[in-house]
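Student: Provided herewith is a single structure, encoded as structure tokens, for subsequent inquiry.
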Amino acid sequence: MAVLFGIDVGGSGVKGAPVDVERGQLVAERHRIKTPRPATPGAVLDVATELAAHFDWSGPIGLALPAVVRNGVVRTAANIAPEWIGVDAASLLAERTGCPVAALNDADAAGIAEVRHGAAAGEPGVVLLLTFGTGIGSAVFADGVLLPNTELGHLEFRGGPAEHYAAARLVEEEDMDLHRWASRVSEYLHHLERLLSPDVIVVGGGISKRFDAFAAGIETEAKLVAARLRNNAGIVGAAVAAHEAVGRSKE
Ligand code: BGC
């Protein structure tokens with residue numbers, strides 16, 4: 001059994017657990033620490049270090065962040081502190097923990113989890129995973145291969161970034177009717193379908209718990225499915241990505 005450690009940095013909590021990356025399952029109950037405020041790189045990386053220490057972890061770590069991450073370096077900060085831009089998150093966490101670290105975008109991590117072990121496992125063709133939460137995260141796969149950092153939540157749509165129009169935050173914060181939200185999501189998906197012609201669309205994020213309540217209101221030509229790994233998708237996907245990165249570095 002290959003076990004690696006996954007960490008998912010979210011707006012309210014930073015969560016971590018050891019993951020059996022071959023099965024896509026946590027091997028211990030995850031530990032959650034409140035996201036520090038302000039969520040500066042130093043404060044968040046301290047919390048990530050604390051999570052690894054909580055499990056006495058020494059081995060590769062996958063770190064999922066709500067931002068564009070290229071070669072371990074954070075490149076955007078739509079929903080996180082601006083100080084993150086330019087920070088080499090992978091190297092800094094590796095220094096703090098003494099463990100090798102692979103960092104990636106949180107939606108890419110969730111997508112990896114769903115494509116390898118969840119709702120889109122074994123699906124050929126183009127898979128699009130969208131996480132609906134505070135923002136909209138996206139992950140795009142062709143035959144299981146990820147095109148990273150697609151950031152489709154930031155596509156200009158209806159006069160602003162799409163996530164301002166169709167994020168799940170609107171349902172919770174503005175008390176938007178679920179049917180109205182679903183029809184906004186349909187419009188957005190229609191736009192995405194014209195760009196990418198996905199075969200499968202996986203709906204993730206906290207609101208996917210209520211999939212059965214809104215799915216009928218979403219029109220799409222793709223096969224529409226709910227994410228299966230739910231709250232653990234980021235953790236599982238981060239660990240799987242770290243595993244795949246370690247494999248690549250040995251080639
Ligand atoms: C960020 C993405 C992230 C998504 C979900 C967006 O605002 O730009 O990088 O994946 O939120 O957290």
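Residue names in the structure tokens use chain letters A, B, ... in the order shown, residue numbers from 1 in each chain, and ligand numbers from 1 in the order shown.
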Let me see if you get this right: every residue at most 6 Å from ligand 1, counting only C-alpha atoms and all ligand atoms, written as a VMD selection string.
Tutor: chain A and resid 66 to 68 78 to 79 105 to 107 135 to 137 151
Student: May I have the selected residues written with N, CA and C atoms, as a short mmCIF file (atom, residue, chain, number, x, y, z; two decimals), in the first residue's frame?
Tutor:
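Result written to result02.cif:
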data_model
loop_
_atom_site.label_atom_id
_atom_site.label_comp_id
_atom_site.auth_asym_id
_atom_site.auth_seq_id
_atom_site.Cartn_x
_atom_site.Cartn_y
_atom_site.Cartn_z
N PRO A 66 -5.97 27.17 -3.44
CA PRO A 66 -6.99 27.75 -4.31
C PRO A 66 -6.43 28.83 -5.23
N ALA A 67 -5.50 28.45 -6.07
CA ALA A 67 -4.79 29.42 -6.92
C ALA A 67 -4.11 28.68 -8.07
N VAL A 68 -3.69 29.45 -9.07
CA VAL A 68 -2.84 28.87 -10.12
C VAL A 68 -1.50 28.55 -9.49
N ALA A 78 -7.07 35.01 -6.30
CA ALA A 78 -8.42 35.57 -6.41
C ALA A 78 -9.15 35.52 -5.06
N ASN A 79 -9.01 34.41 -4.36
CA ASN A 79 -9.73 34.26 -3.09
C ASN A 79 -8.79 34.01 -1.92
N ASN A 105 -3.12 23.28 -7.89
CA ASN A 105 -4.40 23.96 -7.74
C ASN A 105 -5.42 23.01 -7.08
N ASP A 106 -6.29 23.58 -6.24
CA ASP A 106 -7.23 22.73 -5.49
C ASP A 106 -8.25 22.00 -6.37
N ALA A 107 -8.73 22.67 -7.42
CA ALA A 107 -9.70 22.00 -8.30
C ALA A 107 -9.00 20.92 -9.12
N GLY A 135 -15.67 30.32 -4.92
CA GLY A 135 -15.42 30.63 -6.32
C GLY A 135 -15.85 29.44 -7.15
N ILE A 136 -15.38 29.40 -8.40
CA ILE A 136 -15.57 28.19 -9.21
C ILE A 136 -14.19 27.72 -9.62
N GLY A 137 -13.87 26.48 -9.26
CA GLY A 137 -12.60 25.90 -9.68
C GLY A 137 -12.86 24.94 -10.83
N GLU A 151 -8.64 27.39 -14.72
CA GLU A 151 -9.28 28.60 -14.17
C GLU A 151 -10.52 29.04 -14.95
#
Student: Residues of stretch 111-210 of chain A that have any atom at most 8 Å from an atom of stretch 24-29 of chain A: could you tabulate them with the shortest-distance atom pair and the distance in Å to one decimal, using only C-alpha atoms, ordered by chain and increasing number, as a tab-separated table?
Tutor:
residue	atom	partner	partner_atom	distance
A:Ala113	CA	A:Gly24	CA	6.9
A:Arg116	CA	A:Gly24	CA	7.7
A:His117	CA	A:Gly24	CA	5.6
Student: Would you tabulate, counting only C-alpha atoms, all residues of stretch 66-169 of chain A that have an atom at most 10 Å from an atom of stretch 197-202 of chain A, showing the closest pair of atoms and their distance in Å to one decimal, sorted by chain then ascending number, as CSV?
Tutor:
residue,atom,partner,partner_atom,distance
A:Gly111,CA,A:Val202,CA,8.4
A:Glu114,CA,A:Val202,CA,8.1
A:Val115,CA,A:Val202,CA,9.4
A:Gly118,CA,A:Val202,CA,9.8
A:Ala119,CA,A:Val202,CA,7.1
A:Ala120,CA,A:Val202,CA,7.2
A:Glu123,CA,A:Val200,CA,7.8
A:Pro124,CA,A:Asp199,CA,8.2
A:Gly125,CA,A:Asp199,CA,6.2
A:Val126,CA,A:Pro198,CA,4.8
A:Val127,CA,A:Val200,CA,4.9
A:Leu128,CA,A:Ile201,CA,4.8
A:Leu129,CA,A:Val202,CA,4.5
A:Leu130,CA,A:Val202,CA,6.3
A:Thr131,CA,A:Val202,CA,8.4
A:Ser138,CA,A:Val202,CA,9.8
A:Ala139,CA,A:Val202,CA,9.6
A:Val140,CA,A:Pro198,CA,8.7
A:Phe141,CA,A:Pro198,CA,9.1
A:Ala142,CA,A:Pro198,CA,9.1
Student: Return as a PyMOL selection string the full set of residues in stretch 89-135 of chain A whose backbone-based DSSP assignment is strand (DSSP E or B).
Tutor: chain A and resi 101-105+126-132
Student: Emit the selected residues as an mmCIF file, in the first residue's frame, including all heavy atoms.
Tutor:
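Written output follows (result.cif):
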data_model
loop_
_atom_site.group_PDB
_atom_site.id
_atom_site.type_symbol
_atom_site.label_atom_id
_atom_site.label_comp_id
_atom_site.auth_asym_id
_atom_site.auth_seq_id
_atom_site.Cartn_x
_atom_site.Cartn_y
_atom_site.Cartn_z
ATOM 1 N N VAL A 101 7.612 18.036 -1.374
ATOM 2 C CA VAL A 101 6.243 18.558 -1.514
ATOM 3 C C VAL A 101 5.909 18.830 -2.980
ATOM 4 O O VAL A 101 6.717 19.412 -3.702
ATOM 5 C CB VAL A 101 6.072 19.875 -0.709
ATOM 6 C CG1 VAL A 101 4.674 20.466 -0.920
ATOM 7 C CG2 VAL A 101 6.321 19.651 0.786
ATOM 8 N N ALA A 102 4.716 18.407 -3.402
ATOM 9 C CA ALA A 102 4.188 18.789 -4.717
ATOM 10 C C ALA A 102 2.981 19.675 -4.451
ATOM 11 O O ALA A 102 2.096 19.295 -3.683
ATOM 12 C CB ALA A 102 3.766 17.539 -5.494
ATOM 13 N N ALA A 103 2.966 20.878 -5.041
ATOM 14 C CA ALA A 103 1.828 21.779 -4.826
ATOM 15 C C ALA A 103 1.054 21.911 -6.130
ATOM 16 O O ALA A 103 1.631 21.870 -7.220
ATOM 17 C CB ALA A 103 2.318 23.147 -4.360
ATOM 18 N N LEU A 104 -0.256 22.050 -6.011
ATOM 19 C CA LEU A 104 -1.095 22.182 -7.202
ATOM 20 C C LEU A 104 -2.378 22.932 -6.870
ATOM 21 O O LEU A 104 -2.687 23.168 -5.698
ATOM 22 C CB LEU A 104 -1.417 20.811 -7.808
ATOM 23 C CG LEU A 104 -2.431 19.892 -7.111
ATOM 24 C CD1 LEU A 104 -2.824 18.779 -8.064
ATOM 25 C CD2 LEU A 104 -1.862 19.288 -5.840
ATOM 26 N N ASN A 105 -3.116 23.285 -7.895
ATOM 27 C CA ASN A 105 -4.402 23.957 -7.743
ATOM 28 C C ASN A 105 -5.424 23.014 -7.078
ATOM 29 O O ASN A 105 -5.430 21.814 -7.352
ATOM 30 C CB ASN A 105 -4.880 24.380 -9.145
ATOM 31 C CG ASN A 105 -6.293 24.895 -9.145
ATOM 32 O OD1 ASN A 105 -7.234 24.165 -9.447
ATOM 33 N ND2 ASN A 105 -6.467 26.155 -8.788
ATOM 34 N N VAL A 126 -13.126 13.593 -22.786
ATOM 35 C CA VAL A 126 -12.879 14.863 -22.086
ATOM 36 C C VAL A 126 -13.763 14.934 -20.835
ATOM 37 O O VAL A 126 -14.988 14.839 -20.926
ATOM 38 C CB VAL A 126 -13.149 16.070 -23.020
ATOM 39 C CG1 VAL A 126 -13.000 17.385 -22.268
ATOM 40 C CG2 VAL A 126 -12.193 16.028 -24.213
ATOM 41 N N VAL A 127 -13.111 15.068 -19.710
ATOM 42 C CA VAL A 127 -13.830 15.197 -18.435
ATOM 43 C C VAL A 127 -13.575 16.606 -17.897
ATOM 44 O O VAL A 127 -12.436 17.071 -17.859
ATOM 45 C CB VAL A 127 -13.339 14.157 -17.403
ATOM 46 C CG1 VAL A 127 -13.979 14.403 -16.032
ATOM 47 C CG2 VAL A 127 -13.644 12.731 -17.871
ATOM 48 N N LEU A 128 -14.641 17.262 -17.505
ATOM 49 C CA LEU A 128 -14.537 18.597 -16.908
ATOM 50 C C LEU A 128 -15.094 18.518 -15.494
ATOM 51 O O LEU A 128 -16.227 18.086 -15.289
ATOM 52 C CB LEU A 128 -15.369 19.585 -17.751
ATOM 53 C CG LEU A 128 -15.692 20.940 -17.147
ATOM 54 C CD1 LEU A 128 -14.411 21.741 -16.913
ATOM 55 C CD2 LEU A 128 -16.621 21.728 -18.066
ATOM 56 N N LEU A 129 -14.256 18.845 -14.514
ATOM 57 C CA LEU A 129 -14.750 18.918 -13.138
ATOM 58 C C LEU A 129 -14.835 20.384 -12.746
ATOM 59 O O LEU A 129 -13.914 21.162 -13.020
ATOM 60 C CB LEU A 129 -13.813 18.187 -12.177
ATOM 61 C CG LEU A 129 -14.146 18.485 -10.708
ATOM 62 C CD1 LEU A 129 -14.443 17.218 -9.941
ATOM 63 C CD2 LEU A 129 -13.052 19.259 -10.021
ATOM 64 N N LEU A 130 -15.958 20.746 -12.147
ATOM 65 C CA LEU A 130 -16.111 22.113 -11.642
ATOM 66 C C LEU A 130 -16.408 22.041 -10.159
ATOM 67 O O LEU A 130 -17.243 21.235 -9.730
ATOM 68 C CB LEU A 130 -17.265 22.818 -12.369
ATOM 69 C CG LEU A 130 -17.064 23.014 -13.875
ATOM 70 C CD1 LEU A 130 -18.364 23.424 -14.536
ATOM 71 C CD2 LEU A 130 -15.974 24.056 -14.156
ATOM 72 N N THR A 131 -15.718 22.845 -9.358
ATOM 73 C CA THR A 131 -16.042 22.897 -7.934
ATOM 74 C C THR A 131 -16.773 24.215 -7.688
ATOM 75 O O THR A 131 -16.266 25.291 -8.019
ATOM 76 C CB THR A 131 -14.791 22.820 -7.036
ATOM 77 O OG1 THR A 131 -13.925 23.919 -7.328
ATOM 78 C CG2 THR A 131 -14.025 21.529 -7.255
ATOM 79 N N PHE A 132 -17.967 24.100 -7.154
ATOM 80 C CA PHE A 132 -18.763 25.296 -6.875
ATOM 81 C C PHE A 132 -18.707 25.577 -5.386
ATOM 82 O O PHE A 132 -19.166 24.767 -4.563
ATOM 83 C CB PHE A 132 -20.211 25.068 -7.317
ATOM 84 C CG PHE A 132 -20.381 24.960 -8.809
ATOM 85 C CD1 PHE A 132 -20.325 23.725 -9.441
ATOM 86 C CD2 PHE A 132 -20.565 26.096 -9.586
ATOM 87 C CE1 PHE A 132 -20.477 23.616 -10.822
ATOM 88 C CE2 PHE A 132 -20.716 26.003 -10.964
ATOM 89 C CZ PHE A 132 -20.672 24.758 -11.586
#
Student: I'd like the interatomic distance between atom CA of A:Ile7 and atom CA of A:Leu63, to a tenth of an Å.
Tutor: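 Here the two named atoms are 4.9 Å from each other.
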